[in-house]
Structure formats: structure tokens, C-alpha cells
Amino acid sequence: MTYENPYMKGRTWPELNILETLRHRNPLVICITNDVVRTFTANGLLAIGASPVMSECSEDLKDLIVHASALLINIGTLTPDKVSYYKEAIALAKKYEVPIVLDPVGCHAGAYRLSVVLDLIKTGNISLLRGNQSEIKAIYDALGPDDEDNNSTEGKGVDGAQVEDSAVIAYRLARLINCPVVATGEEDYVSDGTRVFAVPHGHPIMTAVTGTGCLLGAVLAAFFSAYYPCKNRLSIGEFLAYALAYYGLAGESAVQVSGVKPGSFSVAFMDALYSLDDAVLKSENRIRPIVVPDQLEVYFISGTQDVELNE
Amino acid sequence: MTYENPYMKGRTWPELNILETLRHRNPLVICITNDVVRTFTANGLLAIGASPVMSECSEDLKDLIVHASALLINIGTLTPDKVSYYKEAIALAKKYEVPIVLDPVGCHAGAYRLSVVLDLIKTGNISLLRGNQSEIKAIYDALGPDDEDNNSTEGKGVDGAQVEDSAVIAYRLARLINCPVVATGEEDYVSDGTRVFAVPHGHPIMTAVTGTGCLLGAVLAAFFSAYYPCKNRLSIGEFLAYALAYYGLAGESAVQVSGVKPGSFSVAFMDALYSLDDAVLKSENRIRPIVVPDQLEVYFISGTQDVELNE
Amino acid sequence: MTYENPYMKGRTWPELNILETLRHRNPLVICITNDVVRTFTANGLLAIGASPVMSECSEDLKDLIVHASALLINIGTLTPDKVSYYKEAIALAKKYEVPIVLDPVGCHAGAYRLSVVLDLIKTGNISLLRGNQSEIKAIYDALGPDDEDNNSTEGKGVDGAQVEDSAVIAYRLARLINCPVVATGEEDYVSDGTRVFAVPHGHPIMTAVTGTGCLLGAVLAAFFSAYYPCKNRLSIGEFLAYALAYYGLAGESAVQVSGVKPGSFSVAFMDALYSLDDAVLKSENRIRPIVVPDQLEVYFISGTQDVELNE
């Protein structure tokens, strides 16, 4: 008997087939990523059934972009030259309607990184922002309202339980920049500006392997290509929650094989990304919707119907 | 009892010692390769008993080239600056008579990549071209005769069996650009323009690990250094067929250890490259010579004696 | 019962806690390293409990350097542009008093590399030089006295046994450039210009995995951050000997798990770096002090007291 997540639509979607769709589509994901994680990213994308390609100049990118399902921009080892290239790449992706995932690596740790990230967001062409909770907070702090009242990210959810700041920030930032936001941490949060989901998967050993965060950005980029056929069943926020759950479940499954050892884990994680399937994703995900205080205001004051409360 | 390949000279060459020679020589292979596969390439070269060195500018390369046994140029993450460097490197290698292996990564997928590859080939200094079958075909299509009749790559071999297009293309391209051509795929083909060999080794999981193709280019570069002492026994085409068989056998051996899991396979593959020896290469290779239609014309019309038909 | 190294102060230091201190401090190590080893370096630093960050331009580095415990400069894939960046990075690190480890990869193999290394050393800001014995010798030969007599690196130690040239060179170079020198090889030597230690750990398979030398440079950089609290107990030379012993012991421990197979070893080595602790370091290190001939001159002629002879 498998566990059935009582919170998620999966229970009424017996044929949940996100991974099958993804692998069938074998999406080409162009990665403009940092110098440390290219191999891990390429191997991870191959493992999930996507096709990675790294392209490092516009001359090349304009040939490849026409075949692409998604573009990842990860600023981990940025330089002024690369920043120019990010912008050219965003323009090309926009022209060919290729979705763009931005991973703002380390933007909480330096003014230069943050300014680059804000510039890229301001193009208005980012389709998904994926960062850790410190990075997402730094972006929100830079872009959010100055008003301290409105800016408070503390609050209680409908059930009276404390809602994590990071969930609130993900929701607000998604509304502010008008694209889904994934904020990863011990528990991951994703919001498309309408709903918010918590995804409590993964294992701490993942933080001892370089590139696990960066690869997630690439994996989310690959998942975009599988969203279209699921569109009528799932909001993009919920869909991304499944992608996060898949990634975290692969980590949990890997650590069962490897033990808490970073070298062995890294190998087992690739194996798990390769073998984990929709049945496991459906039966073992512990995704849960979250209601953040802002939503209640919208709900009760404006009567907006797009928040589904847990009944 | 070991299997003895009935097709190959190995049966009359009891002391086949290619790997022993290679490891004894410990050739220095300079790799100008792409950003994704450098670590895997370096580790693979170390595993087979070669010494890798990566050099990224002419100032450095001109010091190192004098010690080198071979130079690999892999265009996987090309930029205009790197293309200039490829050309400088080719000129330096030519000056010091260092053989050059060219890996035209992705040249079938973009006009820029293809134009760069054609430029490099036109230097006339490439010693070996190693690509997958799509890449090799793209180069042949760009360089081959326009005449549709002559350009047909369909045909039957001497035994009436269908000869794979890729084998024919490898043969023709080798004659056209006057250097051996390796076209990898489910079955690999190699031709030195005189003979053609099919090498049916490897395992599909290899395509789920980034760099297995790129590393092969580097491995072939390393093998060049072991060819000289084998020169009187083997044509370069046959010699390269052994190199391909070794690489594919290492893949087959690795998957026995790892199972069909990309992370585990990648580790086991390094182990297999390190441990596989001449005895296994001799007894387990399934290399077979192929006769392509063009050769028959040459053979019967011109009386050229360099095609050895299977008796 | 554990082995107690009779040579080292550890015997009188029951609470030896270098690794505990290091892991508690979780030092940020900025790595400006070569294109081949970035992933391995980042994973190795994570495994020992440090935080790696790669920074590739001054705009970024000046934000990050203020948080850093150490800076690594590894010239493995140098270019003229990168050399300019190394110099900017050294100036920034100096400004913020961040210790700098220099890894002069391949400087024995090319005049360009050597000239770059000498330039960097001449800034006077290098805190530790870590190279293999050929690299260290090349630097010493370039900087050392011309006088052949003084330049002789052959000699006998106090016990009449042959002292390895590399130990003598490490000692002399440390005095000459006024910073500790680590010269790795089958047996490693470290000198701070006052004392010399031999560290006979590790395993030959380490040379078949790319980046084991380069990662050591990064690991030594991380160890700097743990030196301050040990300052009153250990000279920097002795402290670095422990760092080398830890690294070599991790290699020995890994090969017990993996066997002599480079792929498996690489994985097991990460696991071992992660799990090896102070108890093992204390009980299993075979560090031994060495007295080089030059020290005897200093000792007997000048009466300098900083050489501790084995009683």
C-alpha cells in the first residue's frame, strides 16, 4: 500500500504522468551556468531524461535556441563579459519564446551579484526564479515595498500555525515580479503568485555536494517542457511543487543507498534521478498547500477565488 | 577459453600489446576541450595510463607542446576567442609534428559550429576526426560532392548485407579529407580511407553520462602514441578499431559492475578503463572489417590491392 | 589500542582538535582555481567542513573577500587575463588580511608558468606555497643562490640518514620567500623555514585521480582558519603537517574501501574526507620531524634555538 498525499490533486489524478511526459519529450535545455557545476548539471539533466547543451557565445546560441525547450541562466561564476552574454541570451530566448529559469547564485552575499540579478529580472522575461531562501529574500528586500508594515513577512496561516517567512516572501516576490518563485531550504517553497506550496523533501547531505542547488534550477527548466500537457490539471505552482518533490525524493532515495557520505551520495543521487518514476512521485510526495496572510486579505476583502483553502 | 575474433589479425598476433605499450609510454595529451568534460577527460586519460594537461593560451601551449604526444581539440563550448586559440594550437602542433584529434561536437546542430569545424579541417593538419554519426554526416554533407548519384550513401556490401550509411560516409570522408575518421553510434565505424571497420561495443547507458563521447576523442589521441611500434602489424584504421573496442569493452565491463545506473556506471567506467588489459582486448573484441560499395569499384575497376576482402 | 606517534606533540596534547575546530568554523575559502578541478575542489572543501566559493572577477571578489577565511590561487589553466586577475585578487586579499595559498601547477614544465609564479611570489603576499616536488624545485632553482656549494641539496641529517633533497629544498625555499612551503610527493615535506616535517601518508592511486593535488591546496587554505586557536601549541609548520597527514590518511582510508580503482577511489576519498576525525588524525599520523643540514649549521654555529632535535 502506498501513501496517498491527502492534500494534493494527485489523489484525483490516478494517471499522474509528469516524469513519463518529461522523458518522452526529452527536452533540450540550454544551460548557461557556472564553472563549478557544468558536469553535474549535464549529468543530472541526462539522468532525468532531458538533453543538456552548454553554449557560451551568441554566435552559437542563436543556432541552438531554436531547438530548445528551456534556457537556464545561473550566475554562479559571473564576470562582466558573461553578464553581457546573459542579456543577449535572454533576448534570444524571448524572441523564440523559450522559457528562462534564473538562478541568482550568491546574490545575498555581494552587491555586484545582486545588481546583476535585479537587472536580469527587470528585463521582464524571466519565467522562473529559483534560489535558496537567503537569495530570494535578498531580491525581495531589494525590490519589495519600503513600508515596514506591508513588508513584514511574519504572520500566521489559516490554521493558526506560524507560516515561514520564506513562504510569504516567495508568494510576494512572485506577485511582484510576475513569475513563479522557488525558494529552497530545509523545506522548499514555491509560489506562482496565486498559491503557495511547501515541499518538505530532500536530505541535509545534499548541501555537502556542490551543484545540488544549481542542478535543481536546470531540472526545473526541463520540467517546463512537460507542463503544457498538464496545464488543465495543475497550476504552474502545483506543477513545480511536484518537480521539487521529485528532486527531493530522489535525494531521500539516494541517501538510503549511500548513507550519509557525500561522495557516495552524489553517485546514488544520479542513479535515483534516473530511476525514480511517477508512481513514487505520486505516492510519496508530501507536498502541502500553504496559505499566507496576504492571501487571506485578498480572499476575504476582495473575494478573489484563486486561493483554495484546505477544507 | 576465450573467444578469438575470427576476423582480425589478432589471431595471428599472439603478443597483441597495445595497452601495455600505451601505458608504458604514458603519453602527454594536451586537451583543449569543452567546459563540461574537462574533469572526466582528465580522469579518463589518467585511467588509461596517459597524462592529461589542459592548456588555455598560446603562451602556455608553446612551452608544453614540445613534450606532447598528441593534441585534442574539442569544440563543445566554442567562442570566437577559443576558435582563434584552436587555430594557434593547430599551427603549434603542426610545427612540432604533434598529431591532432578534432572532435566536432554539435556541428550538426548549428551553422556556426559547422563553419568552425570546416575551417579547422581545411587547415589540412587534422590527424583524426572523431564525431558521432550525425556530426560526421554533417561534415560530409558540407564537403562531399553535390552530384546526387555519387553522394548516395546507400549500398550493399560484398556479402549482400546492407552496409550502414555511416560506414560509407566514414570511408568517403576519410578519403576526402585525407585523415582517419571515427563515426560513433550504436555501432562505431572507423576508416582510414583504405579500409573500414565496424566496432559493435559499448552500452546505451554511456549516452546518459556526459563526456563519454568527448573522452573517447582524448583516448584516441592518447592511442596515437602507441601506434608507432605497431605500425608494421596494423594499419592505422585497424589500430583505431582496437582503441574503439577497448573503450566499448570498458563500458560493457563497467555496466556489469554498476547495473544500468548512470552515476554508478560513471564510476565503474573509470575503474574499467584503468584495469582492462590487452588479454581482454584480444579475446573479446568483435571488430569486423566492412567493405563499402565504393571500395568494390576501386578494387574491381582500378585493381587497387589495399582492400582485403574476407576470404 | 591506537598507535601513538612518538615524534609529535600530539602525545602531550590529548585534546588535539584541529578538525573539530575547522568544522566548527566552517571557513569560507575563495578558490581561483583551474578549469579541471573546480567541482572536485568544491566537493572536497564541503567534505572537510569548509565553504567553497569560486569567484572569477574583481567586481565580485571585492564583495566576497570580506567574508573569506582564505584565498586559493591555482594557476593550472592560466591565461594572460587570468594572471591579471590573480594579481588583483592578491591585492584584495592583502588589503583584507586574508591568507593566500599559491599552487604553482606545472611551473616546472614551462617558462611561462614559472615566470607567472615567480611574479606572484615576488608580491611578498603569499602565505603558503603548495606544489609537488618538481614544481617546488623549479621555483627554488629559479630563486635560489647561484653558488653551487650552497645550492647543493644533498646532505645527511642528524641521524646520518640521507635527507631527501625535497625536504632540504622546502626548508630553504621557505626561508628564502619567507612563507611556509609544502612539497608533496611519495612522501610530503613541509617547512615553515624553522622546522621541517615529513608526512608519509597517502596512496599512489591518488595520482590517478585528477585534482587530488589541487584539492590539497584548497584544503590547506581551509586549515589556516583553524590555526589561530592552536597557535600556542603548534608552529605553523607542525600544524600544516597535521593537515597533510589528515589528507593522506583520508586517502589511505578511502583505498581500503574502494580498492585500487580510480573511479571508486575518488568517491571513497570524498567520503573519507567527510568522516575522518581528530581521533584518527591523532592516533594514526606518522608525521616525523626532519633535521636538514642547513639547520645544523644554524644550530651549532649561530646557536639558534628554534630547531628541536629528536632527543
# chains A, B, ... in the order shown; residues from 1 in each chain; ligands from 1
>>> residues_around(residues="stretch 166-170 of chain A", least_positions_apart="3", cutoff="8 Å", atoms="only C-alpha atoms", output="list in words")
Gln133, Ile136, Lys137, Tyr140, Thr153, Glu154, Val163, Leu173, Ala174, Val181, Val182, Ala183, Tyr189, Val190, Ser191, Val196, Phe197, Ala198, Ile290, Val292, Pro293 and Asp294 of chain A
>>> write_last_selection(atoms="N, CA, C and O atoms", output="PDB file, in the first residue's frame")
ATOM      1  N   GLN A 133      16.723  30.313   0.105  1.00  0.00           N
ATOM      2  CA  GLN A 133      15.868  31.285   0.784  1.00  0.00           C
ATOM      3  C   GLN A 133      16.591  32.600   1.078  1.00  0.00           C
ATOM      4  O   GLN A 133      15.977  33.673   1.056  1.00  0.00           O
ATOM      5  N   ILE A 136      16.547  34.524  -2.298  1.00  0.00           N
ATOM      6  CA  ILE A 136      15.209  35.039  -2.614  1.00  0.00           C
ATOM      7  C   ILE A 136      14.870  36.224  -1.704  1.00  0.00           C
ATOM      8  O   ILE A 136      14.324  37.239  -2.145  1.00  0.00           O
ATOM      9  N   LYS A 137      15.258  36.103  -0.449  1.00  0.00           N
ATOM     10  CA  LYS A 137      14.995  37.206   0.484  1.00  0.00           C
ATOM     11  C   LYS A 137      15.762  38.465   0.071  1.00  0.00           C
ATOM     12  O   LYS A 137      15.224  39.578   0.125  1.00  0.00           O
ATOM     13  N   TYR A 140      13.919  40.046  -2.715  1.00  0.00           N
ATOM     14  CA  TYR A 140      12.679  40.664  -2.232  1.00  0.00           C
ATOM     15  C   TYR A 140      12.979  41.951  -1.468  1.00  0.00           C
ATOM     16  O   TYR A 140      12.308  42.975  -1.656  1.00  0.00           O
ATOM     17  N   THR A 153       7.166  39.991   6.977  1.00  0.00           N
ATOM     18  CA  THR A 153       6.954  38.667   6.410  1.00  0.00           C
ATOM     19  C   THR A 153       6.589  37.677   7.500  1.00  0.00           C
ATOM     20  O   THR A 153       6.642  36.482   7.309  1.00  0.00           O
ATOM     21  N   GLU A 154       6.229  38.206   8.648  1.00  0.00           N
ATOM     22  CA  GLU A 154       5.797  37.309   9.715  1.00  0.00           C
ATOM     23  C   GLU A 154       4.273  37.248   9.705  1.00  0.00           C
ATOM     24  O   GLU A 154       3.600  38.202   9.336  1.00  0.00           O
ATOM     25  N   VAL A 163       3.493  30.691   9.727  1.00  0.00           N
ATOM     26  CA  VAL A 163       3.883  30.484   8.331  1.00  0.00           C
ATOM     27  C   VAL A 163       5.321  30.957   8.174  1.00  0.00           C
ATOM     28  O   VAL A 163       5.691  32.019   8.664  1.00  0.00           O
ATOM     29  N   LEU A 173       7.116  37.873  -3.756  1.00  0.00           N
ATOM     30  CA  LEU A 173       8.047  38.150  -4.847  1.00  0.00           C
ATOM     31  C   LEU A 173       7.461  37.669  -6.175  1.00  0.00           C
ATOM     32  O   LEU A 173       7.598  38.330  -7.210  1.00  0.00           O
ATOM     33  N   ALA A 174       6.776  36.537  -6.129  1.00  0.00           N
ATOM     34  CA  ALA A 174       6.145  36.025  -7.353  1.00  0.00           C
ATOM     35  C   ALA A 174       5.139  37.037  -7.903  1.00  0.00           C
ATOM     36  O   ALA A 174       5.058  37.268  -9.111  1.00  0.00           O
ATOM     37  N   VAL A 181       8.205  31.694  -8.239  1.00  0.00           N
ATOM     38  CA  VAL A 181       9.424  31.773  -7.432  1.00  0.00           C
ATOM     39  C   VAL A 181       9.559  30.494  -6.613  1.00  0.00           C
ATOM     40  O   VAL A 181       8.604  30.070  -5.961  1.00  0.00           O
ATOM     41  N   VAL A 182      10.735  29.900  -6.677  1.00  0.00           N
ATOM     42  CA  VAL A 182      11.057  28.735  -5.849  1.00  0.00           C
ATOM     43  C   VAL A 182      12.132  29.156  -4.859  1.00  0.00           C
ATOM     44  O   VAL A 182      13.179  29.664  -5.263  1.00  0.00           O
ATOM     45  N   ALA A 183      11.846  28.959  -3.575  1.00  0.00           N
ATOM     46  CA  ALA A 183      12.811  29.300  -2.520  1.00  0.00           C
ATOM     47  C   ALA A 183      13.152  28.022  -1.775  1.00  0.00           C
ATOM     48  O   ALA A 183      12.327  27.492  -1.040  1.00  0.00           O
ATOM     49  N   TYR A 189       9.782  26.121  -0.771  1.00  0.00           N
ATOM     50  CA  TYR A 189       8.507  26.786  -1.040  1.00  0.00           C
ATOM     51  C   TYR A 189       8.456  27.201  -2.490  1.00  0.00           C
ATOM     52  O   TYR A 189       9.472  27.611  -3.057  1.00  0.00           O
ATOM     53  N   VAL A 190       7.266  27.099  -3.057  1.00  0.00           N
ATOM     54  CA  VAL A 190       7.094  27.574  -4.423  1.00  0.00           C
ATOM     55  C   VAL A 190       5.775  28.322  -4.485  1.00  0.00           C
ATOM     56  O   VAL A 190       4.770  27.900  -3.904  1.00  0.00           O
ATOM     57  N   SER A 191       5.809  29.452  -5.176  1.00  0.00           N
ATOM     58  CA  SER A 191       4.567  30.181  -5.390  1.00  0.00           C
ATOM     59  C   SER A 191       4.530  30.714  -6.806  1.00  0.00           C
ATOM     60  O   SER A 191       5.554  31.151  -7.344  1.00  0.00           O
ATOM     61  N   VAL A 196       0.617  28.893  -2.831  1.00  0.00           N
ATOM     62  CA  VAL A 196       1.944  28.624  -2.262  1.00  0.00           C
ATOM     63  C   VAL A 196       1.965  27.165  -1.832  1.00  0.00           C
ATOM     64  O   VAL A 196       0.990  26.675  -1.245  1.00  0.00           O
ATOM     65  N   PHE A 197       3.048  26.480  -2.122  1.00  0.00           N
ATOM     66  CA  PHE A 197       3.190  25.086  -1.691  1.00  0.00           C
ATOM     67  C   PHE A 197       4.481  24.911  -0.918  1.00  0.00           C
ATOM     68  O   PHE A 197       5.503  25.522  -1.245  1.00  0.00           O
ATOM     69  N   ALA A 198       4.401  24.056   0.087  1.00  0.00           N
ATOM     70  CA  ALA A 198       5.590  23.666   0.840  1.00  0.00           C
ATOM     71  C   ALA A 198       5.970  22.260   0.405  1.00  0.00           C
ATOM     72  O   ALA A 198       5.097  21.394   0.256  1.00  0.00           O
ATOM     73  N   ILE A 290       0.007  25.951   1.307  1.00  0.00           N
ATOM     74  CA  ILE A 290       0.147  26.856   2.445  1.00  0.00           C
ATOM     75  C   ILE A 290      -0.695  28.087   2.133  1.00  0.00           C
ATOM     76  O   ILE A 290      -0.770  28.509   0.982  1.00  0.00           O
ATOM     77  N   VAL A 292      -0.778  31.969   3.018  1.00  0.00           N
ATOM     78  CA  VAL A 292      -0.016  33.035   3.671  1.00  0.00           C
ATOM     79  C   VAL A 292      -0.972  34.176   3.991  1.00  0.00           C
ATOM     80  O   VAL A 292      -2.026  34.307   3.364  1.00  0.00           O
ATOM     81  N   PRO A 293      -0.632  35.003   4.979  1.00  0.00           N
ATOM     82  CA  PRO A 293      -1.568  36.035   5.444  1.00  0.00           C
ATOM     83  C   PRO A 293      -2.072  36.933   4.316  1.00  0.00           C
ATOM     84  O   PRO A 293      -3.256  37.272   4.268  1.00  0.00           O
ATOM     85  N   ASP A 294      -1.175  37.289   3.392  1.00  0.00           N
ATOM     86  CA  ASP A 294      -1.581  38.185   2.306  1.00  0.00           C
ATOM     87  C   ASP A 294      -2.766  37.617   1.537  1.00  0.00           C
ATOM     88  O   ASP A 294      -3.651  38.343   1.090  1.00  0.00           O
TER      89      ASP A 294
END
>>> interface_residues(of="chain B", to="chain A", cutoff="10 Å", atoms="only C-alpha atoms", output="number ranges by chain")
B: 34-40, 76-81, 106, 109-113, 205, 207-211, 259-267
>>> write_last_selection(atoms="C-alpha atoms", output="short mmCIF file (atom, residue, chain, number, x, y, z; two decimals), in the first residue's frame")
data_model
loop_
_atom_site.label_atom_id
_atom_site.label_comp_id
_atom_site.auth_asym_id
_atom_site.auth_seq_id
_atom_site.Cartn_x
_atom_site.Cartn_y
_atom_site.Cartn_z
CA ASN B 34 34.95 21.91 -23.61
CA ASP B 35 33.94 23.29 -20.24
CA VAL B 36 31.68 20.37 -19.34
CA VAL B 37 34.00 17.41 -19.71
CA ARG B 38 37.44 18.54 -18.55
CA THR B 39 37.45 16.61 -15.29
CA PHE B 40 36.01 13.46 -16.84
CA GLY B 76 31.99 21.67 -27.38
CA THR B 77 31.85 25.13 -25.79
CA LEU B 78 33.36 27.23 -28.54
CA THR B 79 33.53 31.01 -28.59
CA PRO B 80 35.18 33.29 -31.15
CA ASP B 81 38.18 33.70 -28.82
CA GLY B 106 27.41 19.50 -32.12
CA ALA B 109 23.17 21.29 -34.76
CA GLY B 110 24.36 24.73 -35.74
CA ALA B 111 25.81 26.62 -38.67
CA TYR B 112 28.42 28.37 -36.54
CA ARG B 113 29.82 25.13 -35.16
CA ILE B 205 23.87 3.83 -20.66
CA THR B 207 24.83 8.12 -23.63
CA ALA B 208 23.39 9.03 -20.23
CA VAL B 209 26.79 10.10 -18.92
CA THR B 210 28.14 13.39 -20.19
CA GLY B 211 31.59 13.27 -21.70
CA GLY B 259 23.97 -2.00 -13.49
CA VAL B 260 22.11 0.42 -15.74
CA LYS B 261 22.52 3.43 -13.47
CA PRO B 262 24.33 6.48 -14.80
CA GLY B 263 26.02 7.62 -11.58
CA SER B 264 27.34 4.20 -10.68
CA PHE B 265 28.25 3.48 -14.28
CA SER B 266 30.39 6.59 -14.50
CA VAL B 267 32.47 5.41 -11.54
#
>>> select_by_dssp(residues="stretch 28-64 of chain C", states="alpha helix (DSSP H)", output="PyMOL selection string")
chain C and resi 38-48+58-64
>>> write_last_selection(atoms="C-alpha atoms", output="PDB file, in the first residue's frame")
ATOM      1  CA  ARG C  38      36.657  23.172  -9.691  1.00  0.00           C
ATOM      2  CA  THR C  39      33.979  20.608  -8.928  1.00  0.00           C
ATOM      3  CA  PHE C  40      36.352  18.254  -7.132  1.00  0.00           C
ATOM      4  CA  THR C  41      37.761  21.177  -5.150  1.00  0.00           C
ATOM      5  CA  ALA C  42      34.337  22.454  -4.147  1.00  0.00           C
ATOM      6  CA  ASN C  43      33.201  18.985  -3.112  1.00  0.00           C
ATOM      7  CA  GLY C  44      36.400  18.351  -1.197  1.00  0.00           C
ATOM      8  CA  LEU C  45      36.062  21.602   0.728  1.00  0.00           C
ATOM      9  CA  LEU C  46      32.448  20.816   1.554  1.00  0.00           C
ATOM     10  CA  ALA C  47      33.510  17.356   2.695  1.00  0.00           C
ATOM     11  CA  ILE C  48      36.055  18.680   5.177  1.00  0.00           C
ATOM     12  CA  SER C  58      37.282  41.587  -9.192  1.00  0.00           C
ATOM     13  CA  GLU C  59      33.823  43.155  -9.201  1.00  0.00           C
ATOM     14  CA  ASP C  60      32.567  40.034  -7.471  1.00  0.00           C
ATOM     15  CA  LEU C  61      35.652  39.213  -5.450  1.00  0.00           C
ATOM     16  CA  LYS C  62      35.704  42.530  -3.637  1.00  0.00           C
ATOM     17  CA  ASP C  63      32.231  41.748  -2.250  1.00  0.00           C
ATOM     18  CA  LEU C  64      33.155  38.231  -1.174  1.00  0.00           C
TER      19      LEU C  64
END
>>> closest_residue(among="B:Ile75, B:Arg288, B:Leu128, B:Lys94", to="B:Cys107", atoms="only C-alpha atoms")
B:Ile75
>>> select_by_dssp(residues="stretch 17-212 of chain B", states="strand (DSSP E or B)", output="number ranges by chain")
B: 28-32, 51-54, 70-74, 100-103, 128-132, 156, 162, 181-184, 188-191, 196-199
>>> residues_around(residues="C:Gly251", least_positions_apart="3", cutoff="6 Å", atoms="only C-alpha atoms", output="ChimeraX atom specification")
/C:202,248,254,269
